[in-house]
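Here the structure is laid out as structure tokens; the discussion comes afterwards.
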Amino acid sequence: MIPLFALVLSVVSPDPEPLRAAVEGCERASLSELTRAEPRRRAEWAGAVYAEQRAIAAARAGLVPGDPAQAPARAALDQRQQQLDDARAVERAWRDYYDEYRADFLASCSGRRRDDAK
């Protein structure tokens, strides 16, 4: 069974192209739209992460320590935890990317600088 988290992550993982294009084109309306949507996306992502971490912890708590018959279940939980850790790393990378591009937009696309480049 695919964990619910994997399904949610695949839906809400950001595509970096719209942000890059908005910044490179100094498209204020596009960047504003992305900026308004980002807090909701982050909140939904955090909720999915929380739910998955709780599910992993609950499943792990139900295992009997040292029971060799439960080795496959432990391995599956370890794999789910690794996937969650990887997703967190991707999210951190996205947030760095997002913050850097927003800073670039603010530095490069203000009315004064944009007009100076003409």
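Residue names in the structure tokens use chain letters A, B, ... in the order shown, residue numbers from 1 in each chain, and ligand numbers from 1 in the order shown.
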If we count only C-alpha atoms, what is near segment 84-86 of chain A at a cut-off of 9 Å, once residues fewer than 2 positions away on the same chain are taken out, given as a compact mmCIF listing (two decimals) with N, CA, C and O atoms, in the first residue's frame?
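Ended up saving to out.txt:
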```txt
# COMPACT_ATOMS: atom_id res chain seq x y z
N PHE A 5 0.87 9.86 2.58
CA PHE A 5 1.85 10.94 2.44
C PHE A 5 2.44 10.98 1.04
O PHE A 5 2.59 12.04 0.45
N ALA A 6 2.76 9.83 0.48
CA ALA A 6 3.36 9.78 -0.86
C ALA A 6 2.39 10.35 -1.90
O ALA A 6 2.80 11.05 -2.82
N VAL A 49 3.06 15.62 6.31
CA VAL A 49 4.26 15.12 6.98
C VAL A 49 3.93 14.68 8.40
O VAL A 49 4.34 13.61 8.86
N GLU A 52 1.96 11.43 8.39
CA GLU A 52 2.80 10.29 8.05
C GLU A 52 3.75 9.95 9.21
O GLU A 52 3.93 8.78 9.54
N GLN A 53 4.33 10.96 9.84
CA GLN A 53 5.24 10.68 10.95
C GLN A 53 4.50 10.02 12.10
O GLN A 53 5.00 9.09 12.73
N GLN A 79 11.90 2.07 5.58
CA GLN A 79 11.80 2.62 4.22
C GLN A 79 10.86 3.82 4.19
O GLN A 79 11.15 4.84 3.57
N ARG A 80 9.71 3.72 4.86
CA ARG A 80 8.79 4.86 4.93
C ARG A 80 9.45 6.06 5.60
O ARG A 80 9.30 7.20 5.15
N GLN A 81 10.21 5.80 6.67
CA GLN A 81 10.89 6.89 7.36
C GLN A 81 11.93 7.54 6.46
O GLN A 81 12.05 8.76 6.42
N GLN A 82 12.64 6.73 5.70
CA GLN A 82 13.64 7.28 4.77
C GLN A 82 12.98 8.12 3.69
O GLN A 82 13.47 9.19 3.33
N ARG A 88 11.47 15.63 3.31
CA ARG A 88 11.82 16.82 4.10
C ARG A 88 13.03 17.53 3.49
O ARG A 88 13.06 18.76 3.44
N ALA A 89 14.00 16.77 3.03
CA ALA A 89 15.18 17.37 2.40
C ALA A 89 14.79 18.10 1.12
O ALA A 89 15.27 19.21 0.85
N VAL A 90 13.89 17.52 0.34
CA VAL A 90 13.43 18.17 -0.88
C VAL A 90 12.67 19.44 -0.54
O VAL A 90 12.85 20.49 -1.19
N GLU A 91 11.85 19.39 0.50
CA GLU A 91 11.11 20.59 0.91
C GLU A 91 12.06 21.70 1.37
O GLU A 91 11.86 22.86 1.02
```
(message) Report as a PyMOL selection string all protein, DNA and RNA residues lying within 12 Å of Asp15 of chain A, evaluated on only C-alpha atoms, omitting residues in the same chain fewer than 6 positions from it.
(response) chain A and resi 21+34+38+41+90-91+94+97-98
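Close contacts of segment 60-65 of chain A, defined as residues with an atom at most 12 Å away when counting only C-alpha atoms, with chain neighbours fewer than 4 positions off set aside, comprise Gln53, Arg54, Ala55, Ile56, Ala69, Gln70, Ala71, Pro72, Ala73, Arg74, Ala75, Ala76, Leu77, Asp78, Arg80 and Gln81 of chain A.
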(request) Enumerate, as a ChimeraX atom specification, the complete set of residues in chain A that a backbone-based DSSP assignment places in alpha helix (DSSP H). (result) /A:4-12,16-24,28-61,71-108,111-116
(message) Could you tell me how far atom CA of Cys26 of chain A sits from atom CA of Ala43 of chain A, in Å to one decimal place?
(response) 26.8 Å
(request) Give me, please, the distance in Å between atom CA of Ala107 of chain A and atom CA of Ala46 of chain A, quoted to one decimal. (result) 29.5 Å
